[in-house]
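Only one structure is covered here, and it is reproduced in the block below.
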Amino acid sequence: MQAKFLFICENCGREIRLKNPQPTIACKCGAVVSKDVSASLLPFERNKLGIAYTSVQRVGGAETFLRTMTHVLGASLSGVAVLSPSIYSSGIRHGLDAIRDLAKASESLIVWGFVEGLPELVAEHPQTKIYAIHHGSIASTWANEMFAKQVKITGRGVAVNQEVASHFGVNWLPNPVLKPTFGRIANTIGKPRVLWNHRWSEEKRPELGIEIAKALGDVVEFAISAPLSIELPANCVNIGQTTSNVNWLSGADVFVSTATQEAFGYSLAEAAYVGVPIVSTPHGIGSQVAVQLVDSDDPRAWADAILAAVGANTTRATAWIDINHGRAAVEQWARFIDSDIALIGKPKPTPKTNEKGPGTELEKLIKSLGVEPKIGCGCASVKRKMNRWGVDGCRVPENHAWIVDRLTANAEKYSWRDTITAATNLASHPSLWSAHFLIRMAVGGWIDALIEEAIRRAACVESAKL
C-alpha cells in the first residue's frame, strides 16, 4: 500500500501510514486520536513570505517558530505548505504541487527539512527568493547535513543560531518570541512546582528529568511532559506532549531544561518572558536566562540547583528576551522580507465565504428532507468549506472524503438517517430529484447521493452564470 498520510503517535512515537484520511486513527500501543486530516485547497494569495516544511509535528522548536511567525507576520504570509502531511498539519496544503503554488505566490519562500523537488522548485520560480532555514545548533548533525544540501541548491539560507549562520555564511535572524498575555499564578499547594516541558527525545534527556524528580522527592510537585506509556515517580504529574503549557507555566516555581543541545530554546524563552526562574544547561539561550546553570548528569546536582532557584529574581532574564527576541526580532524579520512593519501582529485577512456553492446546495437538500441542523453540529463549517472549495474542490478525493466523514458523523450523532428515510418517499417527488440522484441513492447510499446532488446543482448554477 502506498501511504499518502503519515501520522506520528504522540504516545509511543510509532509511525502510522494510511492510504486514505480517516476521522479516527488507532495505534498498536492503544492510543486513539481523532483528527481532521483534510487537505485544504484554498488558493494561496500573493504576498511577501511563504513557509514550506517537510512536516509539522506536535511539539518542537521548528513548530513553535512556525506558530510564532504565523501570529506576528500573518498579514505578510502568502501561506504555509508541507511536503508530508501529519495529524498536526490538518488543513495545510501538502505535496510538491502545493509547495510550487506557494512559491509562485510568494516573494520569498522559506524551506525546511527537505531536498525532494527543491532543484526543480528553484529552477521553475526564479522570481522567488528561496531560502533554506536551519533551526538547529552547530551540534545538530542531521540539520547541518540537510542545510548544506539545501543551500547548495538554493544559494540562500537563514539560521536562527548565530554560530550556525557564521559557519555556513548565511543570514542570521534571531527567533521572535511572543510576549505572554498571562502572568504567574500564586502557588497555594505548600511546595514548589517544577516544570519539565520538552519534546521526548534523546537530546532533551527525559530520563535525567525523571531521575531529578526522584532525587527531589515529595518536597516538590514535578510536572513533566511524558508519553502516556512512561512510568513516573509518585511526585510527578504527567501533562503530556502539549503545545499549550499556559496553565503549568504560569503556576510553576522553576522551569528545568536538561537538553544537551539547543539552537535557541523556545521553551526557555517562554519561561523567561513569564518570569519563571530557570535551571538549565548552558546550551542555547540557557547561559543568558537561567538563574542556575548545571552542566552535569548528576540528578542530585540538579535537585540542589532547582531548590536554590525557587524565588529567584528573573528581571534580567525577562529583559534580555524582550530586548533580543521581542518586537525587535520581529522587525528584523519584517525588514528581511521587505514587509510593512505596521503589519506586525495583524492577522492574515480571513477569506470571504461564498454565499453560494455546493455547501449551500447541500444545506438546502438536507433541510428539504426534514432535517434542521443543530447548534454545535458543525454543519455551518461544512457549508463554508464546501463553498470555498467550489465544485472542483469538492470532487478532490481528500476533500470529498472529509465531507463524507462529517456528514456520516452528524447522521449517527443526530439520527438523521432515520429522519431522512421516514421524511418522504423520494421517488414520489420527481420534480425535486434528478434521475442521477435516485440512482446514486439506491446504489451508493443517501450520504454520497446528497453530496453528489449538491455538487451537481452548484455546477448548474455556475454554468447558468456563464
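Residues are referred to by chain and number: the chain letter is A, B, ... according to the order shown in the C-alpha cells, the number counts from 1 in that chain, and ligands are numbered separately from 1 in the order shown.
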Expected answer as JSON, numbers by chain: alpha helix (DSSP H) residues in segment 25-194 of chain A: {"A": [61, 62, 63, 64, 65, 66, 67, 68, 69, 70, 71, 72, 96, 97, 98, 99, 100, 101, 102, 103, 104, 105, 118, 119, 120, 121, 122, 123, 124, 141, 142, 143, 144, 145, 146, 147, 148, 149, 150, 151, 152, 153, 154, 162, 163, 164, 165, 166, 167, 168]}
Could those selected residues go to a file with N, CA and C atoms, as a compact mmCIF listing (two decimals), in the first residue's frame?
```txt
# COMPACT_ATOMS: atom_id res chain seq x y z
N GLY A 61 10.98 23.08 18.30
CA GLY A 61 11.36 24.46 18.02
C GLY A 61 10.89 24.94 16.67
N ALA A 62 11.00 24.07 15.64
CA ALA A 62 10.56 24.46 14.30
C ALA A 62 9.07 24.74 14.28
N GLU A 63 8.31 23.92 15.01
CA GLU A 63 6.86 24.10 15.06
C GLU A 63 6.49 25.38 15.83
N THR A 64 7.23 25.67 16.90
CA THR A 64 6.98 26.90 17.66
C THR A 64 7.31 28.13 16.80
N PHE A 65 8.40 28.04 16.05
CA PHE A 65 8.76 29.11 15.12
C PHE A 65 7.63 29.35 14.12
N LEU A 66 7.08 28.28 13.57
CA LEU A 66 6.01 28.39 12.59
C LEU A 66 4.78 29.06 13.19
N ARG A 67 4.39 28.64 14.40
CA ARG A 67 3.22 29.25 15.05
C ARG A 67 3.47 30.73 15.34
N THR A 68 4.70 31.04 15.78
CA THR A 68 5.03 32.42 16.11
C THR A 68 5.00 33.30 14.86
N MET A 69 5.63 32.83 13.79
CA MET A 69 5.67 33.61 12.55
C MET A 69 4.26 33.81 11.99
N THR A 70 3.43 32.79 12.09
CA THR A 70 2.05 32.90 11.61
C THR A 70 1.31 33.97 12.38
N HIS A 71 1.64 34.09 13.67
CA HIS A 71 0.96 35.07 14.51
C HIS A 71 1.50 36.48 14.26
N VAL A 72 2.82 36.65 14.30
CA VAL A 72 3.37 38.01 14.26
C VAL A 72 3.45 38.58 12.85
N LEU A 96 4.30 18.39 -3.32
CA LEU A 96 5.15 19.27 -4.13
C LEU A 96 4.34 20.27 -4.94
N ASP A 97 3.17 19.87 -5.41
CA ASP A 97 2.35 20.80 -6.17
C ASP A 97 1.93 21.99 -5.31
N ALA A 98 1.58 21.72 -4.05
CA ALA A 98 1.20 22.79 -3.14
C ALA A 98 2.37 23.73 -2.89
N ILE A 99 3.57 23.16 -2.73
CA ILE A 99 4.76 23.98 -2.48
C ILE A 99 5.09 24.81 -3.72
N ARG A 100 4.88 24.25 -4.91
CA ARG A 100 5.09 25.03 -6.14
C ARG A 100 4.13 26.22 -6.21
N ASP A 101 2.87 25.96 -5.86
CA ASP A 101 1.88 27.05 -5.86
C ASP A 101 2.26 28.12 -4.85
N LEU A 102 2.79 27.69 -3.70
CA LEU A 102 3.20 28.64 -2.67
C LEU A 102 4.38 29.48 -3.14
N ALA A 103 5.33 28.84 -3.81
CA ALA A 103 6.49 29.58 -4.34
C ALA A 103 6.04 30.62 -5.37
N LYS A 104 5.06 30.25 -6.19
CA LYS A 104 4.55 31.16 -7.20
C LYS A 104 3.88 32.38 -6.58
N ALA A 105 3.26 32.19 -5.40
CA ALA A 105 2.52 33.26 -4.74
C ALA A 105 3.37 34.10 -3.79
N LEU A 118 13.40 20.20 -4.68
CA LEU A 118 13.91 21.56 -4.46
C LEU A 118 14.65 22.12 -5.68
N PRO A 119 15.49 21.33 -6.38
CA PRO A 119 16.16 21.89 -7.57
C PRO A 119 15.16 22.37 -8.62
N GLU A 120 14.10 21.57 -8.84
CA GLU A 120 13.08 21.94 -9.81
C GLU A 120 12.32 23.19 -9.35
N LEU A 121 12.08 23.29 -8.04
CA LEU A 121 11.38 24.44 -7.48
C LEU A 121 12.15 25.73 -7.74
N VAL A 122 13.46 25.68 -7.49
CA VAL A 122 14.31 26.85 -7.71
C VAL A 122 14.35 27.23 -9.19
N ALA A 123 14.45 26.22 -10.05
CA ALA A 123 14.53 26.48 -11.50
C ALA A 123 13.22 27.04 -12.05
N GLU A 124 12.09 26.54 -11.52
CA GLU A 124 10.78 26.95 -12.03
C GLU A 124 10.35 28.33 -11.55
N THR A 141 23.71 17.22 13.83
CA THR A 141 24.27 16.57 12.63
C THR A 141 23.28 16.54 11.49
N TRP A 142 22.05 16.08 11.77
CA TRP A 142 21.05 15.96 10.70
C TRP A 142 20.76 17.32 10.09
N ALA A 143 20.56 18.32 10.94
CA ALA A 143 20.23 19.67 10.45
C ALA A 143 21.37 20.23 9.61
N ASN A 144 22.60 20.01 10.03
CA ASN A 144 23.76 20.51 9.28
C ASN A 144 23.83 19.89 7.88
N GLU A 145 23.66 18.56 7.83
CA GLU A 145 23.74 17.87 6.55
C GLU A 145 22.62 18.30 5.61
N MET A 146 21.41 18.39 6.15
CA MET A 146 20.27 18.79 5.34
C MET A 146 20.44 20.23 4.85
N PHE A 147 20.85 21.11 5.75
CA PHE A 147 21.00 22.52 5.41
C PHE A 147 22.07 22.72 4.34
N ALA A 148 23.18 22.00 4.46
CA ALA A 148 24.26 22.12 3.48
C ALA A 148 23.76 21.74 2.08
N LYS A 149 22.96 20.67 2.00
CA LYS A 149 22.40 20.25 0.72
C LYS A 149 21.44 21.31 0.17
N GLN A 150 20.61 21.86 1.05
CA GLN A 150 19.63 22.84 0.62
C GLN A 150 20.29 24.13 0.12
N VAL A 151 21.27 24.62 0.87
CA VAL A 151 21.94 25.86 0.50
C VAL A 151 22.67 25.72 -0.83
N LYS A 152 23.21 24.53 -1.07
CA LYS A 152 23.89 24.27 -2.35
C LYS A 152 22.90 24.42 -3.51
N ILE A 153 21.64 24.08 -3.26
CA ILE A 153 20.61 24.16 -4.29
C ILE A 153 20.04 25.57 -4.41
N THR A 154 19.71 26.16 -3.26
CA THR A 154 19.03 27.46 -3.27
C THR A 154 19.98 28.64 -3.40
N GLN A 162 23.36 32.01 15.74
CA GLN A 162 24.41 32.88 15.19
C GLN A 162 25.65 32.09 14.79
N GLU A 163 26.01 31.06 15.57
CA GLU A 163 27.17 30.24 15.25
C GLU A 163 26.95 29.47 13.94
N VAL A 164 25.75 28.96 13.76
CA VAL A 164 25.42 28.25 12.52
C VAL A 164 25.49 29.20 11.34
N ALA A 165 24.94 30.40 11.50
CA ALA A 165 24.96 31.40 10.41
C ALA A 165 26.38 31.72 10.00
N SER A 166 27.26 31.90 10.99
CA SER A 166 28.66 32.20 10.70
C SER A 166 29.35 31.04 10.01
N HIS A 167 29.06 29.83 10.46
CA HIS A 167 29.69 28.63 9.90
C HIS A 167 29.33 28.44 8.43
N PHE A 168 28.05 28.67 8.08
CA PHE A 168 27.60 28.46 6.71
C PHE A 168 27.64 29.73 5.86
```
Minimum-distance residue to Gly393 of chain A, chosen among A:Val170, A:Ala459, A:Gly155, A:Ala252 (using only C-alpha atoms):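 Among the listed residues, A:Ala459 lies closest to Gly393 of chain A.
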Rounded to one decimal place, report the atom CA of Lys364 of chain A-atom CA of Leu450 of chain A distance in Å.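 Calculated distance between atom CA of Lys364 of chain A and atom CA of Leu450 of chain A is 10.3 Å.
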Determine, counting only C-alpha atoms, which protein, DNA and RNA residues have an atom within 6 Å of an atom of segment 263-278 of chain A; residues of the same chain fewer than 6 positions away are not included. Present the result as a ChimeraX atom specification. /A:136-137,161,254-256,284-285,290-291,314,317-318
Hey, which of A:Ala139, A:Leu362, A:Cys236, A:Val160 ends up closest to Gln332 of chain A? Count only C-alpha atoms.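 Nearest candidate to Gln332 of chain A out of A:Ala139, A:Leu362, A:Cys236, A:Val160: A:Val160.
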Would you mind listing what lies within 7 Å of segment 174-176 of chain A as a list in words, with only C-alpha atoms counted and same-chain residues fewer than 2 positions away left out?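 Using only C-alpha atoms, the neighbours found are Val160, Trp172, Leu178, His325, Gly326, Ala329 and Val330 of chain A.
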Sort by chain and increasing residue number a table of all residues of segment 208-248 of chain A within 10 Å of segment 185-204 of chain A, each with its closest pair of atoms and their distance in Å to one decimal, counting only C-alpha atoms, and write it as a tab-separated table.
```
residue	atom	partner	partner_atom	distance
A:Leu208	CA	A:Lys204	CA	8.8
A:Gly209	CA	A:Trp196	CA	7.1
A:Ile210	CA	A:Trp196	CA	9.4
A:Ala213	CA	A:Val194	CA	8.9
A:Leu216	CA	A:Val194	CA	9.9
A:Asp218	CA	A:Lys191	CA	8.7
A:Val219	CA	A:Lys191	CA	6.3
A:Val220	CA	A:Pro192	CA	5.0
A:Glu221	CA	A:Arg193	CA	4.9
A:Phe222	CA	A:Val194	CA	4.8
A:Ala223	CA	A:Leu195	CA	4.8
A:Ile224	CA	A:Trp196	CA	4.8
A:Ser225	CA	A:Asn197	CA	5.1
A:Ala226	CA	A:Trp200	CA	6.6
A:Pro227	CA	A:Trp200	CA	7.6
A:Cys236	CA	A:Val194	CA	9.4
A:Val237	CA	A:Leu195	CA	9.5
A:Asn238	CA	A:Trp196	CA	9.9
A:Ile239	CA	A:Asn197	CA	8.4
A:Gly240	CA	A:Asn197	CA	8.7
A:Gln241	CA	A:Arg199	CA	7.0
A:Thr242	CA	A:Asn197	CA	8.3
A:Thr243	CA	A:Asn197	CA	9.6
A:Asn245	CA	A:Asn197	CA	8.0
A:Asn247	CA	A:Ile185	CA	8.7
A:Trp248	CA	A:Leu195	CA	7.2
```
With N, CA and C atoms retained, could you export that selection as a PDB file, in the first residue's frame?
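Below is the file that was written, part-v5.pdb:
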```pdb
ATOM      1  N   LEU A 208      16.919  11.764  32.458  1.00  0.00           N
ATOM      2  CA  LEU A 208      17.543  12.545  33.520  1.00  0.00           C
ATOM      3  C   LEU A 208      16.478  13.353  34.256  1.00  0.00           C
ATOM      4  N   GLY A 209      15.494  13.870  33.512  1.00  0.00           N
ATOM      5  CA  GLY A 209      14.400  14.591  34.145  1.00  0.00           C
ATOM      6  C   GLY A 209      13.684  13.734  35.179  1.00  0.00           C
ATOM      7  N   ILE A 210      13.447  12.469  34.836  1.00  0.00           N
ATOM      8  CA  ILE A 210      12.778  11.551  35.776  1.00  0.00           C
ATOM      9  C   ILE A 210      13.657  11.307  37.000  1.00  0.00           C
ATOM     10  N   ALA A 213      13.458  14.210  39.310  1.00  0.00           N
ATOM     11  CA  ALA A 213      12.208  14.160  40.071  1.00  0.00           C
ATOM     12  C   ALA A 213      12.338  13.201  41.250  1.00  0.00           C
ATOM     13  N   LEU A 216      14.446  14.801  43.998  1.00  0.00           N
ATOM     14  CA  LEU A 216      13.730  15.848  44.730  1.00  0.00           C
ATOM     15  C   LEU A 216      12.689  15.264  45.682  1.00  0.00           C
ATOM     16  N   ASP A 218       9.265  14.143  47.576  1.00  0.00           N
ATOM     17  CA  ASP A 218       7.991  14.771  47.921  1.00  0.00           C
ATOM     18  C   ASP A 218       8.087  16.257  48.260  1.00  0.00           C
ATOM     19  N   VAL A 219       9.291  16.809  48.261  1.00  0.00           N
ATOM     20  CA  VAL A 219       9.398  18.233  48.611  1.00  0.00           C
ATOM     21  C   VAL A 219       8.917  19.132  47.480  1.00  0.00           C
ATOM     22  N   VAL A 220       8.695  18.559  46.263  1.00  0.00           N
ATOM     23  CA  VAL A 220       8.188  19.344  45.140  1.00  0.00           C
ATOM     24  C   VAL A 220       7.091  18.558  44.425  1.00  0.00           C
ATOM     25  N   GLU A 221       6.318  19.290  43.632  1.00  0.00           N
ATOM     26  CA  GLU A 221       5.439  18.661  42.637  1.00  0.00           C
ATOM     27  C   GLU A 221       6.139  18.831  41.303  1.00  0.00           C
ATOM     28  N   PHE A 222       6.390  17.742  40.601  1.00  0.00           N
ATOM     29  CA  PHE A 222       7.192  17.757  39.373  1.00  0.00           C
ATOM     30  C   PHE A 222       6.289  17.469  38.180  1.00  0.00           C
ATOM     31  N   ALA A 223       6.017  18.500  37.371  1.00  0.00           N
ATOM     32  CA  ALA A 223       5.193  18.334  36.172  1.00  0.00           C
ATOM     33  C   ALA A 223       6.104  18.041  34.992  1.00  0.00           C
ATOM     34  N   ILE A 224       5.789  16.969  34.244  1.00  0.00           N
ATOM     35  CA  ILE A 224       6.658  16.548  33.154  1.00  0.00           C
ATOM     36  C   ILE A 224       5.819  16.162  31.945  1.00  0.00           C
ATOM     37  N   SER A 225       6.293  16.522  30.761  1.00  0.00           N
ATOM     38  CA  SER A 225       5.546  16.256  29.516  1.00  0.00           C
ATOM     39  C   SER A 225       6.005  14.923  28.932  1.00  0.00           C
ATOM     40  N   ALA A 226       5.473  13.847  29.476  1.00  0.00           N
ATOM     41  CA  ALA A 226       5.888  12.500  29.083  1.00  0.00           C
ATOM     42  C   ALA A 226       4.805  11.802  28.264  1.00  0.00           C
ATOM     43  N   PRO A 227       5.184  10.836  27.414  1.00  0.00           N
ATOM     44  CA  PRO A 227       4.182   9.986  26.767  1.00  0.00           C
ATOM     45  C   PRO A 227       3.404   9.212  27.829  1.00  0.00           C
ATOM     46  N   CYS A 236       5.325  13.029  40.455  1.00  0.00           N
ATOM     47  CA  CYS A 236       5.220  13.579  39.111  1.00  0.00           C
ATOM     48  C   CYS A 236       3.765  13.682  38.643  1.00  0.00           C
ATOM     49  N   VAL A 237       3.497  14.738  37.889  1.00  0.00           N
ATOM     50  CA  VAL A 237       2.224  14.908  37.188  1.00  0.00           C
ATOM     51  C   VAL A 237       2.540  14.912  35.703  1.00  0.00           C
ATOM     52  N   ASN A 238       1.920  14.011  34.959  1.00  0.00           N
ATOM     53  CA  ASN A 238       2.183  13.919  33.526  1.00  0.00           C
ATOM     54  C   ASN A 238       1.248  14.869  32.778  1.00  0.00           C
ATOM     55  N   ILE A 239       1.814  15.937  32.181  1.00  0.00           N
ATOM     56  CA  ILE A 239       0.992  16.907  31.453  1.00  0.00           C
ATOM     57  C   ILE A 239       0.917  16.582  29.965  1.00  0.00           C
ATOM     58  N   GLY A 240       1.604  15.524  29.521  1.00  0.00           N
ATOM     59  CA  GLY A 240       1.554  15.115  28.120  1.00  0.00           C
ATOM     60  C   GLY A 240       2.363  16.016  27.216  1.00  0.00           C
ATOM     61  N   GLN A 241       2.495  15.579  25.966  1.00  0.00           N
ATOM     62  CA  GLN A 241       3.237  16.365  24.976  1.00  0.00           C
ATOM     63  C   GLN A 241       2.309  17.440  24.425  1.00  0.00           C
ATOM     64  N   THR A 242       2.277  18.585  25.093  1.00  0.00           N
ATOM     65  CA  THR A 242       1.318  19.624  24.770  1.00  0.00           C
ATOM     66  C   THR A 242       1.977  20.840  24.136  1.00  0.00           C
ATOM     67  N   THR A 243       1.251  21.481  23.223  1.00  0.00           N
ATOM     68  CA  THR A 243       1.752  22.715  22.617  1.00  0.00           C
ATOM     69  C   THR A 243       1.339  23.936  23.433  1.00  0.00           C
ATOM     70  N   ASN A 245       1.183  25.184  27.257  1.00  0.00           N
ATOM     71  CA  ASN A 245       1.509  24.897  28.654  1.00  0.00           C
ATOM     72  C   ASN A 245       1.208  26.088  29.552  1.00  0.00           C
ATOM     73  N   ASN A 247      -1.241  26.913  31.590  1.00  0.00           N
ATOM     74  CA  ASN A 247      -1.637  26.632  32.970  1.00  0.00           C
ATOM     75  C   ASN A 247      -0.458  26.185  33.823  1.00  0.00           C
ATOM     76  N   TRP A 248       0.385  25.321  33.260  1.00  0.00           N
ATOM     77  CA  TRP A 248       1.510  24.800  34.035  1.00  0.00           C
ATOM     78  C   TRP A 248       2.621  25.831  34.163  1.00  0.00           C
TER      79      TRP A 248
END
```
Please compute the atom CA of Phe114 of chain A-atom CA of Gln127 of chain A distance, one decimal, in Å. 20.7 Å
